[in-house]
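Participant: Dropping a structure here in structure tokens format, bear with me for questions.
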Amino acid sequence: MNLPDPDVTPAAVDVASAAALPVAPASPPLRAARTLRRHLLAVRFVLNALLVLALLYTVTITRVLLIPLVLAAFIGLALNPIVAAGARHRLPRWLTASVLMLVLLTGLGAGIGALTQPALGWFHGAPAAIKSFVPKLRSVTKPLEAANRATQSLVGGPVRAAPTQPTAVAISAWDVVSTAPKVLAAVLTVVLLVFFFLIYGDSLLRRLVEISPSFAYKRHAVEIVRSIQVEVSRYLLTALLINATLGALTTLMLWLYHVPDPLLWGAVAMMANFIPYVGAIVTTVVLALVGLINAHELGAALLPALTFAGMTAIEGNLITPMIQGHRMRLSPIAILIWLLVWGWLWGIPGALLAVPMLTSCKLIAERVRGWGWFAVMVQR
């Protein structure tokens with residue numbers, strides 16, 4: 001006779017017997033509910049995709065309006081700590097903002113006035129510079145041409161020299177006249193928006209907080225707005241300081257290497273460095289071309305570009321991460337994708353504003369419930 005195992009409990013026997021029973025198929029109402037749920041998820045995915053496409057289309061067709069607004073918002077965030085410091089010392093916000101804007105416009109006007117003449121000189125002298133640059137490549141192209149002729153003679157093909165046609169670069173007076181009002185209107189719009197953001201920005205934020213439904217929402221909104229305002233302002237001022245230092249060092253380096261118009265190329269390096277990776281590569285290529293045009297030896301021609309490449313490598317991999325900290329570091333893949341998207345939507349202004357916008361979105365996503373995944377994905 002088989003006796004029951006004392007170690008096996010009745011509950012275990014019930015579980016084992018239940019597991020041995022065949023699984024009954026789901027009832028028709030349950031299957032219908034699951035099918036409906038899958039269909040709803042598919043519809044939700046399609047609607048979200050359509051919403052993203054609609055937003056991209058809206059951003060593209062309204063870029064004339066949005067680019068000055070976004071640029072003015074970032075400039076206002078960067079300058080707001082100065083106005084706030086003046087308000088803590090009982091200075092009116094309008095007075096501090098007026099003095100700050102006057103100093104800023106004076107500095108920008110002086111810089112543009114100093115750089116306009118060299119830039120126009122390089123632009124109008126581009127055809128002659130290209131003609132003088134082509135003979136300097138003979139030492140590099142002669143071996144390639146000889147190898148090409150030898151290869152063609154071996155295969156029995158005729159040797160033909162490709163005709164060279166100079167490329168004409170010209171700007172008509174109508175282009176300047178038609179573009180100047182648009183540029184002046186955009187600059188005036190940005191200046192006015194920055195001025196009013198500095199004066200009434202805090203009042204606008206307070207009113208946005210006041211319309212929140214409850215005290216908890218108001219406190220949470222105040223924390224988000226203040227933290228983002230402080231951190232974005234700190235990030236923008238730090239990036240501006242780093243890029244200005246890089247531009248000054250580039251100007252000094254080019255002056256020591258006797259490169260013409262070092263201040264112009266230093267300003268180009270400072271502005272291009274706001275576009276990570278791409279800006280440094282473009283500036284290095286430009287400095288290499290300038291060196292090849294002005295120098296007679298290949299080593300001396302490439303020395304400024306190689307020095308600048310070393311400076312940007314140290315700045316991008318050591319100085320900027322050390323100053324900005326780990327929290328502000330972004331993934332290179334996320335930066336390149338963001339640059340590609342906004343450069344495609346807005347052109348050069350979009351590429352310049354891409355990284356500040358990505359940093360701001362990351363800071364906002366860290367504090368908004370349900371969007372923490374975005375901050376994790378774009379963080380390095």
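Scheme for the structure tokens: letters A, B, ... for chains in order shown; per-chain residue numbers from 1; ligand numbers from 1 in order shown.
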Quick one: residues within 12 Å of A:Ala375, only C-alpha atoms, excluding same-chain residues fewer than 2 positions away - as a ChimeraX atom specification?
Facilitator: /A:327-331,334,358-373,377-380
Participant: List every residue of stretch 210-250 of chain A that has an atom at most 6 Å from any atom of stretch 76-79 of chain A, giving for each one its closest atom pair and the distance in Å to one decimal, counting only C-alpha atoms, sorted by chain and then by ascending residue number, as a Markdown table.
Facilitator:
| residue | atom | partner | partner_atom | distance |
| --- | --- | --- | --- | --- |
| A:Ser233 | CA | A:Ala78 | CA | 4.4 |
| A:Leu236 | CA | A:Ala78 | CA | 5.8 |
| A:Leu237 | CA | A:Ala78 | CA | 6.0 |
Participant: From the list A:Leu50, A:Val259, A:Ile67, A:Val187, which residue is nearest A:Leu108 when using only C-alpha atoms?
Facilitator: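 Nearest to A:Leu108: A:Val187.
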Participant: Between atom CA of A:Ala301 and atom CA of A:Thr250, what is the distance, to one decimal in Å?
Facilitator: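 Computing the Euclidean distance for atom CA of A:Ala301 and atom CA of A:Thr250 yields 15.5 Å.
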Participant: From the options A:Leu30, A:Leu302, A:Ala309, A:Ala84, which residue's atoms come nearest to A:Ala280, counting only C-alpha atoms?
Facilitator: A:Ala309
Participant: Find the spatial neighbours of A:Leu249, counting only C-alpha atoms, within a cut-off of 10 Å - ignore same-chain residues fewer than 6 positions away - and output them as a PDB file with N, CA, C and O atoms, in the first residue's frame.
Facilitator:
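That gives us result.pdb:
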ATOM      1  N   ASN A 243      33.570  79.549 -25.084  1.00  0.00           N
ATOM      2  CA  ASN A 243      33.731  79.825 -26.510  1.00  0.00           C
ATOM      3  C   ASN A 243      34.468  81.138 -26.752  1.00  0.00           C
ATOM      4  O   ASN A 243      35.264  81.245 -27.696  1.00  0.00           O
ATOM      5  N   TRP A 255      47.699  85.133 -34.755  1.00  0.00           N
ATOM      6  CA  TRP A 255      48.574  86.310 -34.803  1.00  0.00           C
ATOM      7  C   TRP A 255      50.033  85.899 -34.672  1.00  0.00           C
ATOM      8  O   TRP A 255      50.913  86.452 -35.354  1.00  0.00           O
ATOM      9  N   GLY A 266      39.197  84.252 -35.330  1.00  0.00           N
ATOM     10  CA  GLY A 266      38.891  83.980 -33.927  1.00  0.00           C
ATOM     11  C   GLY A 266      37.396  84.107 -33.643  1.00  0.00           C
ATOM     12  O   GLY A 266      36.821  83.294 -32.905  1.00  0.00           O
ATOM     13  N   ALA A 269      35.732  81.070 -35.071  1.00  0.00           N
ATOM     14  CA  ALA A 269      35.926  79.916 -34.188  1.00  0.00           C
ATOM     15  C   ALA A 269      35.008  79.986 -32.970  1.00  0.00           C
ATOM     16  O   ALA A 269      34.458  78.959 -32.537  1.00  0.00           O
ATOM     17  N   MET A 270      34.810  81.176 -32.411  1.00  0.00           N
ATOM     18  CA  MET A 270      33.937  81.319 -31.244  1.00  0.00           C
ATOM     19  C   MET A 270      32.490  80.997 -31.591  1.00  0.00           C
ATOM     20  O   MET A 270      31.816  80.243 -30.871  1.00  0.00           O
ATOM     21  N   PHE A 308      44.796  74.448 -33.891  1.00  0.00           N
ATOM     22  CA  PHE A 308      43.407  74.661 -33.493  1.00  0.00           C
ATOM     23  C   PHE A 308      42.714  73.334 -33.203  1.00  0.00           C
ATOM     24  O   PHE A 308      41.904  73.242 -32.272  1.00  0.00           O
ATOM     25  N   MET A 311      43.661  72.361 -29.764  1.00  0.00           N
ATOM     26  CA  MET A 311      42.979  73.196 -28.770  1.00  0.00           C
ATOM     27  C   MET A 311      41.535  72.759 -28.567  1.00  0.00           C
ATOM     28  O   MET A 311      41.056  72.648 -27.430  1.00  0.00           O
TER      29      MET A 311
END
Participant: When you look at A:Asn80 with a cut-off of 10 Å (counting only C-alpha atoms), what residues show up, excluding the ones that are within fewer than 2 positions of it in the same chain? I need them as a list in words.
Facilitator: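 Non-adjacent residues within range: Phe74, Ile75, Gly76, Leu77, Ala78, Ile82, Val83, Ala84, Ala85, Gly86, Arg93, Ala97, Val194, Phe197, Leu198, Ile199, Gly201, Asp202, Gln229, Val230 and Ser233 of chain A.
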Participant: Kindly export the residues of the current selection with N, CA and C atoms, as a PDB file, in the first residue's frame.
Facilitator:
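This went into selection.pdb:
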ATOM      1  N   PHE A  74      16.632  82.637 -24.921  1.00  0.00           N
ATOM      2  CA  PHE A  74      17.909  82.162 -24.379  1.00  0.00           C
ATOM      3  C   PHE A  74      18.807  83.323 -23.957  1.00  0.00           C
ATOM      4  N   ILE A  75      18.827  84.391 -24.742  1.00  0.00           N
ATOM      5  CA  ILE A  75      19.625  85.562 -24.348  1.00  0.00           C
ATOM      6  C   ILE A  75      19.065  86.179 -23.070  1.00  0.00           C
ATOM      7  N   GLY A  76      17.728  86.241 -22.964  1.00  0.00           N
ATOM      8  CA  GLY A  76      17.127  86.755 -21.741  1.00  0.00           C
ATOM      9  C   GLY A  76      17.437  85.889 -20.532  1.00  0.00           C
ATOM     10  N   LEU A  77      17.422  84.565 -20.695  1.00  0.00           N
ATOM     11  CA  LEU A  77      17.790  83.677 -19.591  1.00  0.00           C
ATOM     12  C   LEU A  77      19.242  83.866 -19.178  1.00  0.00           C
ATOM     13  N   ALA A  78      20.124  84.068 -20.175  1.00  0.00           N
ATOM     14  CA  ALA A  78      21.537  84.245 -19.854  1.00  0.00           C
ATOM     15  C   ALA A  78      21.804  85.558 -19.131  1.00  0.00           C
ATOM     16  N   ILE A  82      22.042  88.994 -14.102  1.00  0.00           N
ATOM     17  CA  ILE A  82      22.599  90.341 -13.913  1.00  0.00           C
ATOM     18  C   ILE A  82      21.499  91.309 -13.519  1.00  0.00           C
ATOM     19  N   VAL A  83      20.347  91.233 -14.222  1.00  0.00           N
ATOM     20  CA  VAL A  83      19.225  92.116 -13.881  1.00  0.00           C
ATOM     21  C   VAL A  83      18.688  91.786 -12.491  1.00  0.00           C
ATOM     22  N   ALA A  84      18.638  90.497 -12.131  1.00  0.00           N
ATOM     23  CA  ALA A  84      18.172  90.108 -10.801  1.00  0.00           C
ATOM     24  C   ALA A  84      19.115  90.605  -9.718  1.00  0.00           C
ATOM     25  N   ALA A  85      20.419  90.585  -9.989  1.00  0.00           N
ATOM     26  CA  ALA A  85      21.371  91.121  -9.016  1.00  0.00           C
ATOM     27  C   ALA A  85      21.172  92.618  -8.819  1.00  0.00           C
ATOM     28  N   GLY A  86      20.894  93.326  -9.913  1.00  0.00           N
ATOM     29  CA  GLY A  86      20.603  94.752  -9.771  1.00  0.00           C
ATOM     30  C   GLY A  86      19.321  95.002  -8.997  1.00  0.00           C
ATOM     31  N   ARG A  93      14.443  97.330 -12.573  1.00  0.00           N
ATOM     32  CA  ARG A  93      14.779  96.363 -13.615  1.00  0.00           C
ATOM     33  C   ARG A  93      14.921  97.033 -14.979  1.00  0.00           C
ATOM     34  N   ALA A  97      18.253  96.707 -17.208  1.00  0.00           N
ATOM     35  CA  ALA A  97      18.097  96.124 -18.535  1.00  0.00           C
ATOM     36  C   ALA A  97      18.515  97.105 -19.630  1.00  0.00           C
ATOM     37  N   VAL A 194      14.333  90.617 -26.065  1.00  0.00           N
ATOM     38  CA  VAL A 194      15.263  90.461 -24.936  1.00  0.00           C
ATOM     39  C   VAL A 194      15.033  91.548 -23.895  1.00  0.00           C
ATOM     40  N   PHE A 197      11.795  90.750 -22.086  1.00  0.00           N
ATOM     41  CA  PHE A 197      11.962  89.562 -21.258  1.00  0.00           C
ATOM     42  C   PHE A 197      12.701  89.899 -19.966  1.00  0.00           C
ATOM     43  N   LEU A 198      13.719  90.741 -20.078  1.00  0.00           N
ATOM     44  CA  LEU A 198      14.486  91.108 -18.888  1.00  0.00           C
ATOM     45  C   LEU A 198      13.647  91.926 -17.909  1.00  0.00           C
ATOM     46  N   ILE A 199      12.740  92.748 -18.424  1.00  0.00           N
ATOM     47  CA  ILE A 199      11.939  93.603 -17.540  1.00  0.00           C
ATOM     48  C   ILE A 199      10.740  92.847 -16.976  1.00  0.00           C
ATOM     49  N   GLY A 201       9.926  89.470 -17.469  1.00  0.00           N
ATOM     50  CA  GLY A 201       9.993  88.016 -17.455  1.00  0.00           C
ATOM     51  C   GLY A 201       9.521  87.418 -16.142  1.00  0.00           C
ATOM     52  N   ASP A 202       9.992  87.973 -15.025  1.00  0.00           N
ATOM     53  CA  ASP A 202       9.574  87.451 -13.719  1.00  0.00           C
ATOM     54  C   ASP A 202       8.083  87.654 -13.473  1.00  0.00           C
ATOM     55  N   GLN A 229      15.550  78.045 -14.806  1.00  0.00           N
ATOM     56  CA  GLN A 229      16.071  79.375 -15.086  1.00  0.00           C
ATOM     57  C   GLN A 229      17.518  79.510 -14.625  1.00  0.00           C
ATOM     58  N   VAL A 230      17.813  79.028 -13.434  1.00  0.00           N
ATOM     59  CA  VAL A 230      19.175  79.130 -12.905  1.00  0.00           C
ATOM     60  C   VAL A 230      20.139  78.249 -13.688  1.00  0.00           C
ATOM     61  N   SER A 233      20.619  79.389 -17.392  1.00  0.00           N
ATOM     62  CA  SER A 233      21.415  80.606 -17.397  1.00  0.00           C
ATOM     63  C   SER A 233      22.883  80.302 -17.101  1.00  0.00           C
TER      64      SER A 233
END
Participant: Given the choices A:Ala73, A:Phe45, A:Thr283, A:Ile275, which gets closest to A:Ala239 if the distance is worked out from only C-alpha atoms?
Facilitator: A:Ile275
Participant: As a PyMOL selection string, please: all residues of stretch 249-328 of chain A that backbone DSSP puts in helix (DSSP H, G or I).
Facilitator: chain A and resi 249-256+262-272+278-294+298-324+326-328
